[in-house]
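A.B. asks: The structure is given below, and queries will be raised subsequently.
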Amino acid sequence: MKLNTQGWFSGLQQVPSPNFDLRPSNMPICLLVIHSISLPPNEFGGNGVKQLFTNSLNHEEHPYYEQLRGLKVSSHFFIRRNGEIVQFVSCLHRAWHAGQSLWQGRKRCNDFSIGIEMEGSDFVPYEDLQYRKLVYLTRRLQHTFRFREIVGHSDVAPERKTDPGPFFDWHRYLKSL
């Protein structure tokens with residue numbers, strides 16, 4: 001797996017999302033934000049996340065989806081429970097993953113971060129394979145980007161978000177790096 005000059009990793013499934021834009025010029029990427037997501041909530045293995053990130057979610061497919069109508073979000077990466085990694089946005093572009101956010105006095109974390117979504121929820125542990133793939137992806141990203149910190153979505157948006165949740169083992173993940 002190698003990062004090309006356009007910010008895409010070879011060897012990963014690429015599902016380009018329209019939900020991105022350019023980063024501010026001269027903005028170094030220095031933060032990695034870990035998230036969790038499942039669609040429908042607490043259900044795994046479906047296509048809901050891919051559909052959400054590509055604006056193709058069928059809002060009639062599940063009652064929860066109606067509240068997502070018009071939402072335009074994305075992440076750079078999504079790690080499924082089976083370990084599959086999907087890339088939605090070039091690392092060189094700004095994915096729309098953190099929303100209104102603040103870290104170390106800096107607003108708009110999307111400007112200077114990369115987002116990785118883990119397929120999960122606040123109610124179940126993550127799979128061993130997901131941790132292995134997350135560590136692998138993080139190491140590959142660290143070859144190019146000088147992350148000063150790795151944080152959760154709940155760290156940059158604590159009043160709005162709880163992910164990656166209480167079952168995410170930060171000690172295990174960070175120790176493995």
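Identifiers for the structure tokens are assigned positionally: chains receive A, B, ... in sequence, residues are indexed from 1 per chain, and ligands are indexed from 1 in the order shown.
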Just the residues within 10 Å of segment 3-10 of chain A, please, counting only C-alpha atoms, with nothing from its chain fewer than 4 positions along; format it as a list in words.

C.D. replies: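 What passes the distance filter is Gln14, His76, Val86, Gln87, Phe88, Val89, Ser90, Cys91, Leu92, His93, Leu137, Arg140, Leu141, His143 and Thr144 of chain A.
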
A.B. asks: Keeping only N, CA, C and O atoms, take the residues you just selected and write them out as a PDB file, in the first residue's frame.

C.D. replies:
```pdb
ATOM      1  N   GLN A  14     -11.348   2.184  -3.569  1.00  0.00           N
ATOM      2  CA  GLN A  14     -11.552   3.628  -3.653  1.00  0.00           C
ATOM      3  C   GLN A  14     -12.979   3.899  -4.109  1.00  0.00           C
ATOM      4  O   GLN A  14     -13.401   3.439  -5.162  1.00  0.00           O
ATOM      5  N   HIS A  76     -11.882  10.381   5.120  1.00  0.00           N
ATOM      6  CA  HIS A  76     -10.838   9.901   4.214  1.00  0.00           C
ATOM      7  C   HIS A  76     -10.898   8.372   4.100  1.00  0.00           C
ATOM      8  O   HIS A  76     -10.815   7.834   2.996  1.00  0.00           O
ATOM      9  N   VAL A  86     -11.671   1.251   3.050  1.00  0.00           N
ATOM     10  CA  VAL A  86     -12.194   1.969   1.892  1.00  0.00           C
ATOM     11  C   VAL A  86     -11.714   3.416   2.003  1.00  0.00           C
ATOM     12  O   VAL A  86     -11.804   4.018   3.075  1.00  0.00           O
ATOM     13  N   GLN A  87     -11.206   3.955   0.899  1.00  0.00           N
ATOM     14  CA  GLN A  87     -10.815   5.360   0.869  1.00  0.00           C
ATOM     15  C   GLN A  87     -11.849   6.147   0.072  1.00  0.00           C
ATOM     16  O   GLN A  87     -12.164   5.794  -1.064  1.00  0.00           O
ATOM     17  N   PHE A  88     -12.344   7.227   0.672  1.00  0.00           N
ATOM     18  CA  PHE A  88     -13.375   8.059   0.051  1.00  0.00           C
ATOM     19  C   PHE A  88     -12.855   9.394  -0.458  1.00  0.00           C
ATOM     20  O   PHE A  88     -13.430   9.965  -1.373  1.00  0.00           O
ATOM     21  N   VAL A  89     -11.828   9.925   0.175  1.00  0.00           N
ATOM     22  CA  VAL A  89     -11.318  11.258  -0.161  1.00  0.00           C
ATOM     23  C   VAL A  89      -9.790  11.203  -0.178  1.00  0.00           C
ATOM     24  O   VAL A  89      -9.183  10.557   0.678  1.00  0.00           O
ATOM     25  N   SER A  90      -9.206  11.883  -1.129  1.00  0.00           N
ATOM     26  CA  SER A  90      -7.748  12.009  -1.184  1.00  0.00           C
ATOM     27  C   SER A  90      -7.245  12.628   0.122  1.00  0.00           C
ATOM     28  O   SER A  90      -7.868  13.552   0.665  1.00  0.00           O
ATOM     29  N   CYS A  91      -6.108  12.162   0.585  1.00  0.00           N
ATOM     30  CA  CYS A  91      -5.518  12.726   1.800  1.00  0.00           C
ATOM     31  C   CYS A  91      -5.134  14.194   1.611  1.00  0.00           C
ATOM     32  O   CYS A  91      -4.992  14.926   2.585  1.00  0.00           O
ATOM     33  N   LEU A  92      -4.985  14.610   0.375  1.00  0.00           N
ATOM     34  CA  LEU A  92      -4.598  15.987   0.098  1.00  0.00           C
ATOM     35  C   LEU A  92      -5.775  16.956   0.163  1.00  0.00           C
ATOM     36  O   LEU A  92      -5.582  18.164   0.215  1.00  0.00           O
ATOM     37  N   HIS A  93      -6.994  16.408   0.174  1.00  0.00           N
ATOM     38  CA  HIS A  93      -8.190  17.239   0.231  1.00  0.00           C
ATOM     39  C   HIS A  93      -8.807  17.221   1.627  1.00  0.00           C
ATOM     40  O   HIS A  93      -8.505  16.356   2.447  1.00  0.00           O
ATOM     41  N   LEU A 137      -2.731   1.260   8.692  1.00  0.00           N
ATOM     42  CA  LEU A 137      -3.056   2.481   7.964  1.00  0.00           C
ATOM     43  C   LEU A 137      -2.390   3.693   8.627  1.00  0.00           C
ATOM     44  O   LEU A 137      -1.816   4.547   7.940  1.00  0.00           O
ATOM     45  N   ARG A 140       1.232   3.823   7.751  1.00  0.00           N
ATOM     46  CA  ARG A 140       1.427   4.252   6.358  1.00  0.00           C
ATOM     47  C   ARG A 140       1.231   5.764   6.236  1.00  0.00           C
ATOM     48  O   ARG A 140       1.976   6.442   5.536  1.00  0.00           O
ATOM     49  N   LEU A 141       0.235   6.284   6.912  1.00  0.00           N
ATOM     50  CA  LEU A 141      -0.011   7.728   6.882  1.00  0.00           C
ATOM     51  C   LEU A 141       1.142   8.496   7.527  1.00  0.00           C
ATOM     52  O   LEU A 141       1.535   9.568   7.062  1.00  0.00           O
ATOM     53  N   HIS A 143       4.164   7.888   7.408  1.00  0.00           N
ATOM     54  CA  HIS A 143       5.313   8.006   6.495  1.00  0.00           C
ATOM     55  C   HIS A 143       5.283   9.334   5.742  1.00  0.00           C
ATOM     56  O   HIS A 143       6.318   9.832   5.324  1.00  0.00           O
ATOM     57  N   THR A 144       4.099   9.873   5.544  1.00  0.00           N
ATOM     58  CA  THR A 144       3.942  11.105   4.766  1.00  0.00           C
ATOM     59  C   THR A 144       3.595  12.310   5.621  1.00  0.00           C
ATOM     60  O   THR A 144       4.097  13.407   5.389  1.00  0.00           O
TER      61      THR A 144
END
```

A.B. asks: Can you tell me, as JSON, numbers by chain, which residues in segment 11-73 of chain A count as strand (DSSP E) by DSSP?

C.D. replies: {"A": [13, 14, 20, 21, 22, 31, 32, 33, 34, 35, 36, 37]}

A.B. asks: Write a file of the selected residues as a CSV table (one decimal), in the first residue's frame, keeping all heavy atoms.

C.D. replies:
```csv
chain,number,residue,atom,x,y,z
A,13,GLN,N,-9.8,-0.2,-1.7
A,13,GLN,CA,-11.0,0.1,-2.5
A,13,GLN,C,-11.2,1.6,-2.4
A,13,GLN,O,-11.1,2.2,-1.3
A,13,GLN,CB,-12.2,-0.6,-1.9
A,13,GLN,CG,-13.4,-0.3,-2.7
A,13,GLN,CD,-14.7,-1.0,-2.1
A,13,GLN,OE1,-14.7,-1.5,-0.9
A,13,GLN,NE2,-15.8,-0.9,-2.8
A,14,GLN,N,-11.3,2.2,-3.6
A,14,GLN,CA,-11.6,3.6,-3.7
A,14,GLN,C,-13.0,3.9,-4.1
A,14,GLN,O,-13.4,3.4,-5.2
A,14,GLN,CB,-10.5,4.2,-4.6
A,14,GLN,CG,-9.1,4.1,-4.1
A,14,GLN,CD,-8.1,4.6,-5.1
A,14,GLN,OE1,-8.4,5.1,-6.2
A,14,GLN,NE2,-6.8,4.4,-4.8
A,20,PHE,N,-16.1,16.8,-0.4
A,20,PHE,CA,-14.8,17.3,0.0
A,20,PHE,C,-14.5,18.6,-0.6
A,20,PHE,O,-15.3,19.0,-1.5
A,20,PHE,CB,-13.7,16.3,-0.4
A,20,PHE,CG,-13.4,16.3,-1.9
A,20,PHE,CD1,-12.4,17.1,-2.4
A,20,PHE,CD2,-14.2,15.5,-2.7
A,20,PHE,CE1,-12.2,17.1,-3.8
A,20,PHE,CE2,-14.0,15.5,-4.1
A,20,PHE,CZ,-13.0,16.3,-4.7
A,21,ASP,N,-13.5,19.3,-0.2
A,21,ASP,CA,-13.0,20.5,-0.9
A,21,ASP,C,-11.5,20.7,-0.6
A,21,ASP,O,-10.9,19.8,0.0
A,21,ASP,CB,-13.9,21.7,-0.5
A,21,ASP,CG,-13.9,22.0,1.0
A,21,ASP,OD1,-13.2,21.3,1.8
A,21,ASP,OD2,-14.7,22.9,1.4
A,22,LEU,N,-11.0,21.8,-1.1
A,22,LEU,CA,-9.6,22.0,-0.9
A,22,LEU,C,-9.3,22.5,0.5
A,22,LEU,O,-10.1,23.2,1.1
A,22,LEU,CB,-9.1,23.1,-1.9
A,22,LEU,CG,-9.3,22.7,-3.4
A,22,LEU,CD1,-8.8,23.9,-4.3
A,22,LEU,CD2,-8.4,21.5,-3.7
A,31,LEU,N,-3.0,16.4,12.3
A,31,LEU,CA,-3.9,15.7,13.3
A,31,LEU,C,-4.6,14.5,12.6
A,31,LEU,O,-5.0,14.6,11.5
A,31,LEU,CB,-5.0,16.7,13.8
A,31,LEU,CG,-6.0,16.3,14.8
A,31,LEU,CD1,-5.3,16.1,16.2
A,31,LEU,CD2,-7.1,17.4,15.0
A,32,LEU,N,-4.7,13.4,13.4
A,32,LEU,CA,-5.5,12.3,12.9
A,32,LEU,C,-6.7,12.1,13.8
A,32,LEU,O,-6.5,12.1,15.1
A,32,LEU,CB,-4.6,11.0,12.9
A,32,LEU,CG,-5.2,9.7,12.4
A,32,LEU,CD1,-5.6,9.8,11.0
A,32,LEU,CD2,-4.3,8.6,12.6
A,33,VAL,N,-7.9,12.1,13.3
A,33,VAL,CA,-9.1,12.0,14.0
A,33,VAL,C,-9.7,10.6,13.8
A,33,VAL,O,-10.0,10.2,12.6
A,33,VAL,CB,-10.1,13.1,13.7
A,33,VAL,CG1,-11.4,13.0,14.5
A,33,VAL,CG2,-9.5,14.5,13.9
A,34,ILE,N,-10.0,9.9,14.9
A,34,ILE,CA,-10.6,8.5,14.8
A,34,ILE,C,-12.1,8.7,15.2
A,34,ILE,O,-12.4,9.3,16.1
A,34,ILE,CB,-9.9,7.5,15.8
A,34,ILE,CG1,-8.4,7.5,15.6
A,34,ILE,CG2,-10.5,6.1,15.6
A,34,ILE,CD1,-7.9,7.1,14.3
A,35,HIS,N,-12.9,8.1,14.3
A,35,HIS,CA,-14.4,8.2,14.5
A,35,HIS,C,-14.9,6.7,14.5
A,35,HIS,O,-14.2,5.8,14.3
A,35,HIS,CB,-15.0,8.8,13.2
A,35,HIS,CG,-14.5,10.1,12.9
A,35,HIS,ND1,-15.2,11.3,13.2
A,35,HIS,CD2,-13.4,10.5,12.2
A,35,HIS,CE1,-14.6,12.3,12.7
A,35,HIS,NE2,-13.5,11.9,12.1
A,36,SER,N,-16.2,6.6,14.8
A,36,SER,CA,-17.0,5.4,14.5
A,36,SER,C,-18.3,5.7,13.9
A,36,SER,O,-18.8,6.8,14.1
A,36,SER,CB,-17.2,4.6,15.8
A,36,SER,OG,-18.1,5.2,16.7
A,37,ILE,N,-18.8,4.8,13.1
A,37,ILE,CA,-20.0,5.0,12.4
A,37,ILE,C,-20.6,3.6,12.1
A,37,ILE,O,-19.9,2.6,11.9
A,37,ILE,CB,-19.9,5.8,11.1
A,37,ILE,CG1,-21.2,6.2,10.5
A,37,ILE,CG2,-19.0,5.0,10.1
A,37,ILE,CD1,-21.1,7.2,9.4
```

A.B. asks: Quick one: everything within 9 Å of Asp155 of chain A, counting only C-alpha atoms, minus sequence neighbours fewer than 2 positions away in the same chain. Send it as JSON, numbers by chain.

C.D. replies: {"A": [33, 101, 102, 103, 151, 152, 153, 157, 158, 161, 162, 163]}

A.B. asks: Between A:Phe44, A:Tyr131, A:Phe147, A:Tyr136, which one has atoms that come closest to Tyr173 of chain A, using only C-alpha atoms?

C.D. replies: A:Tyr131
